[in-house]
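Notes for the one structure printed next.
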Amino acid sequence: MSRHLLVAAIAMANLATAHAADYFFSTGNPDSRLAAGSRPAGSGQLEIETADDFVLTSPDRIDSASIVGWLPATASAASVDQVSVKIYRVFPLDSSDPPSGHVPTRVNSPSDTVFQTRSSGTNSLTYSVSVIAPGYFLANSVLIGINPFPNQTTGGEGPVNGSEAQFILVFHPPLSLASGHYFFVPQVHLVADNFLWSSASRPIAAPGTPFTNDLQSWIRNASLSPDWLRVGTDIIGGTPTFNHAFQLIGVDDSIFSNGFD
């Protein structure tokens, strides 16, 4: 087991003591190709949402998650003052259709409006942060250049070097989701500077959990909302596409409706 999966598995093991953890999903380890901003609004900063997708083949209760990302070299766990998670369905659900035309496409994007959310600010999410390694280099980044069509292709803002960090997230209450296709959006706010969410291989590689119709990651800021851009195809340009490094753990929701909770 990789260090990233091992850390998450140990930290979340207690969540499976009462019930078997029969839902586990991972995009695999970060691949150092790219990191993208994802933060709530605050301190004069625009909200940014980076989204990556997952599929449920049955109703599931998602108890916890983990993500891997980039922190500035001067940041520590104490630099984090808020973490949130949003779940979106796939466009055109929860959306205006036809879309605005301000982006190249909305096919396979997240929807306009959020479906479920959890946040440390409302005590519906608790988190822990571990700095895994200093000297964490990523080849490219997306934070500022999130622009409407026809100026969407910026190539990114270039490499970043800082610290690699893992976040363990626990939901209160869990995310209860019907079977379907969803997007996962974690957001981290730092006291100063920015968190960047690390990319992972696309297609998903071992030790990740491949699935059919794995969509590339999408991003928007408050100025672009309700539209979204593809991180790879639209912003970086060319052929690279990206997933982002996250894991989900949960249980089949049907066992609770059958009286076994």
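Each chain in the structure tokens gets a letter, A, B, ..., in the order shown, and its residues are numbered from 1; ligands are numbered from 1 in order too.
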
Open item on the list: Let's see if you can do this: from backbone DSSP, list all strand (DSSP E or B) residues in stretch 44-249 of chain A, as JSON, numbers by chain.
Closed with: {"A": [45, 48, 49, 50, 51, 52, 53, 54, 55, 56, 60, 61, 62, 63, 64, 65, 66, 67, 68, 69, 70, 71, 80, 81, 82, 83, 84, 85, 86, 87, 88, 89, 90, 110, 116, 117, 118, 119, 125, 126, 127, 128, 129, 130, 131, 132, 133, 134, 135, 136, 137, 138, 141, 142, 160, 161, 162, 163, 164, 165, 166, 167, 168, 169, 170, 171, 172, 173, 174, 175, 176, 177, 180, 181, 182, 183, 184, 185, 186, 187, 188, 189, 190, 196, 197, 198, 199, 200, 218, 219, 220, 221, 229, 230, 243, 244, 246, 247, 248, 249]}

Selection from above, C-alpha atoms, as a compact mmCIF listing (two decimals), in the first residue's frame, can you write it?
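Saved the output as result-v3.txt:
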```
# COMPACT_ATOMS: atom_id res chain seq x y z
CA GLN A 45 -10.47 36.15 -2.30
CA ILE A 48 -12.59 28.62 -6.49
CA GLU A 49 -14.01 25.12 -6.97
CA THR A 50 -12.08 22.24 -8.52
CA ALA A 51 -14.19 19.15 -9.18
CA ASP A 52 -13.40 15.50 -9.94
CA ASP A 53 -15.93 12.74 -10.45
CA PHE A 54 -16.89 9.39 -8.93
CA VAL A 55 -19.67 6.85 -9.48
CA LEU A 56 -21.93 4.99 -7.04
CA ASP A 60 -24.14 4.67 -0.27
CA ARG A 61 -23.38 6.57 2.89
CA ILE A 62 -20.02 8.34 2.53
CA ASP A 63 -18.55 8.73 6.02
CA SER A 64 -15.13 10.17 5.23
CA ALA A 65 -12.67 11.23 2.57
CA SER A 66 -9.04 12.14 2.16
CA ILE A 67 -7.29 14.48 -0.28
CA VAL A 68 -3.66 15.26 -1.08
CA GLY A 69 -2.57 18.76 -1.94
CA TRP A 70 0.09 21.44 -1.98
CA LEU A 71 0.79 23.98 0.75
CA VAL A 80 -5.67 25.84 7.75
CA ASP A 81 -8.73 27.61 9.14
CA GLN A 82 -11.61 26.09 7.12
CA VAL A 83 -12.32 22.99 5.05
CA SER A 84 -15.48 22.18 3.13
CA VAL A 85 -16.72 19.55 0.69
CA LYS A 86 -19.38 19.97 -1.98
CA ILE A 87 -21.10 17.30 -4.05
CA TYR A 88 -22.44 18.16 -7.50
CA ARG A 89 -24.43 16.08 -9.92
CA VAL A 90 -23.63 16.05 -13.65
CA PRO A 110 -20.63 19.58 -12.83
CA GLN A 116 -24.92 18.49 -0.89
CA THR A 117 -22.30 20.21 1.22
CA ARG A 118 -20.38 19.77 4.49
CA SER A 119 -18.15 22.36 6.15
CA LEU A 125 -17.14 18.28 8.81
CA THR A 126 -14.09 17.65 10.96
CA TYR A 127 -10.59 17.37 9.56
CA SER A 128 -6.98 16.62 10.36
CA VAL A 129 -3.93 17.73 8.37
CA SER A 130 -0.58 15.99 8.03
CA VAL A 131 2.37 17.51 6.20
CA ILE A 132 3.78 14.47 4.37
CA ALA A 133 6.90 15.93 2.80
CA PRO A 134 8.66 19.23 2.17
CA GLY A 135 10.12 20.06 -1.23
CA TYR A 136 6.93 19.08 -3.06
CA PHE A 137 7.31 20.14 -6.71
CA LEU A 138 4.42 20.24 -9.18
CA SER A 141 -0.68 25.07 -11.53
CA VAL A 142 -4.06 26.73 -12.09
CA VAL A 160 5.08 25.46 -7.73
CA ASN A 161 7.29 24.14 -4.94
CA GLY A 162 6.18 23.78 -1.33
CA SER A 163 4.96 21.01 1.00
CA GLU A 164 2.81 17.95 0.33
CA ALA A 165 -0.11 17.59 2.75
CA GLN A 166 -2.86 15.06 3.34
CA PHE A 167 -6.28 15.98 4.75
CA ILE A 168 -8.54 13.43 6.44
CA LEU A 169 -12.18 14.57 6.35
CA VAL A 170 -15.08 13.12 8.39
CA PHE A 171 -18.69 14.09 7.64
CA HIS A 172 -21.37 14.86 10.27
CA PRO A 173 -23.84 13.59 9.15
CA PRO A 174 -22.45 11.33 6.41
CA LEU A 175 -23.22 12.08 2.78
CA SER A 176 -26.16 9.84 1.81
CA LEU A 177 -26.22 9.53 -1.97
CA GLY A 180 -25.34 7.85 -9.82
CA HIS A 181 -22.51 9.95 -11.19
CA TYR A 182 -21.21 12.80 -8.98
CA PHE A 183 -18.46 15.38 -8.66
CA PHE A 184 -16.44 15.81 -5.46
CA VAL A 185 -15.22 19.34 -4.61
CA PRO A 186 -12.98 19.85 -1.56
CA GLN A 187 -12.10 23.42 -0.56
CA VAL A 188 -9.39 24.52 1.85
CA HIS A 189 -8.93 28.05 3.18
CA LEU A 190 -5.56 29.09 4.58
CA LEU A 196 -3.72 23.69 -4.34
CA TRP A 197 -5.29 20.27 -4.93
CA SER A 198 -2.83 17.78 -6.49
CA SER A 199 -3.56 15.99 -9.74
CA ALA A 200 -3.67 12.21 -10.15
CA TRP A 218 -13.28 20.82 -13.99
CA ILE A 219 -12.78 24.21 -12.33
CA ARG A 220 -14.56 27.55 -11.87
CA ASN A 221 -14.28 30.70 -9.80
CA LEU A 229 -13.99 24.86 -17.52
CA ARG A 230 -12.06 21.63 -18.07
CA ASN A 243 -7.93 13.62 -12.20
CA HIS A 244 -7.27 14.87 -8.67
CA PHE A 246 -8.84 11.84 -3.35
CA GLN A 247 -10.36 8.84 -1.60
CA LEU A 248 -13.87 8.11 -0.31
CA ILE A 249 -14.96 5.51 2.23
```

Open item on the list: DSSP on the backbone: which residues in stretch 4-139 of chain A end up as alpha helix (DSSP H)? Give the answer as a ChimeraX atom specification.
Closed with: /A:4-11

Go ahead and dump the residues you just picked, C-alpha atoms, as a PDB file, in the first residue's frame.
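The new file out_33.pdb reads:
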```
ATOM      1  CA  HIS A   4      -0.914   8.073   0.857  1.00  0.00           C
ATOM      2  CA  LEU A   5      -3.393   5.199   0.984  1.00  0.00           C
ATOM      3  CA  LEU A   6      -1.805   3.786   4.127  1.00  0.00           C
ATOM      4  CA  VAL A   7      -2.073   7.044   6.068  1.00  0.00           C
ATOM      5  CA  ALA A   8      -5.705   7.460   5.072  1.00  0.00           C
ATOM      6  CA  ALA A   9      -6.598   3.833   5.806  1.00  0.00           C
ATOM      7  CA  ILE A  10      -5.160   3.978   9.326  1.00  0.00           C
ATOM      8  CA  ALA A  11      -6.773   7.317  10.122  1.00  0.00           C
TER       9      ALA A  11
END
```

Open item on the list: I need the residue nearest A:Pro240 from this list: A:Asn213, A:Ser201, A:Ser179, A:Ser225. Use only C-alpha atoms for the distance.
Closed with: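 Nearest candidate to A:Pro240 out of A:Asn213, A:Ser201, A:Ser179, A:Ser225: A:Ser201.
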
Open item on the list: Taking 5 positions as the minimum chain separation for residues in the same chain, which residues sit within 12 Å of A:Pro98 when counting only C-alpha atoms? Answer as a list of chain:residue names.
Closed with: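 Returned residues: A:Phe91, A:Pro92, A:Leu93, A:Thr105, A:Arg106, A:Val107, A:Asp112, A:Asp227.
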
At a cut-off of 6 Å, using only C-alpha atoms, what residues contact A:Phe242? Leave out same-chain residues fewer than 6 positions from it and give the result as a tab-separated table (two decimals) with all heavy atoms, in the first residue's frame.
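Result file selection.tsv:
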```tsv
chain	number	residue	atom	x	y	z
A	202	ARG	N	-4.84	10.20	-15.06
A	202	ARG	CA	-6.05	9.90	-15.83
A	202	ARG	C	-5.61	9.24	-17.13
A	202	ARG	O	-4.90	9.87	-17.91
A	202	ARG	CB	-6.86	11.16	-16.11
A	202	ARG	CG	-8.19	10.85	-16.84
A	202	ARG	CD	-9.09	12.07	-16.97
A	202	ARG	NE	-10.35	11.67	-17.55
A	202	ARG	CZ	-10.62	11.68	-18.86
A	202	ARG	NH1	-9.71	12.09	-19.72
A	202	ARG	NH2	-11.79	11.29	-19.30
A	216	GLN	N	-12.73	14.01	-16.85
A	216	GLN	CA	-11.61	14.84	-16.43
A	216	GLN	C	-12.08	15.88	-15.41
A	216	GLN	O	-13.28	16.13	-15.25
A	216	GLN	CB	-10.95	15.52	-17.62
A	216	GLN	CG	-11.82	16.50	-18.39
A	216	GLN	CD	-11.05	17.15	-19.53
A	216	GLN	OE1	-10.05	17.83	-19.32
A	216	GLN	NE2	-11.50	16.91	-20.76
A	217	SER	N	-11.14	16.50	-14.71
A	217	SER	CA	-11.48	17.48	-13.68
A	217	SER	C	-11.90	18.80	-14.31
A	217	SER	O	-11.48	19.16	-15.41
A	217	SER	CB	-10.31	17.67	-12.72
A	217	SER	OG	-9.16	18.12	-13.40
```
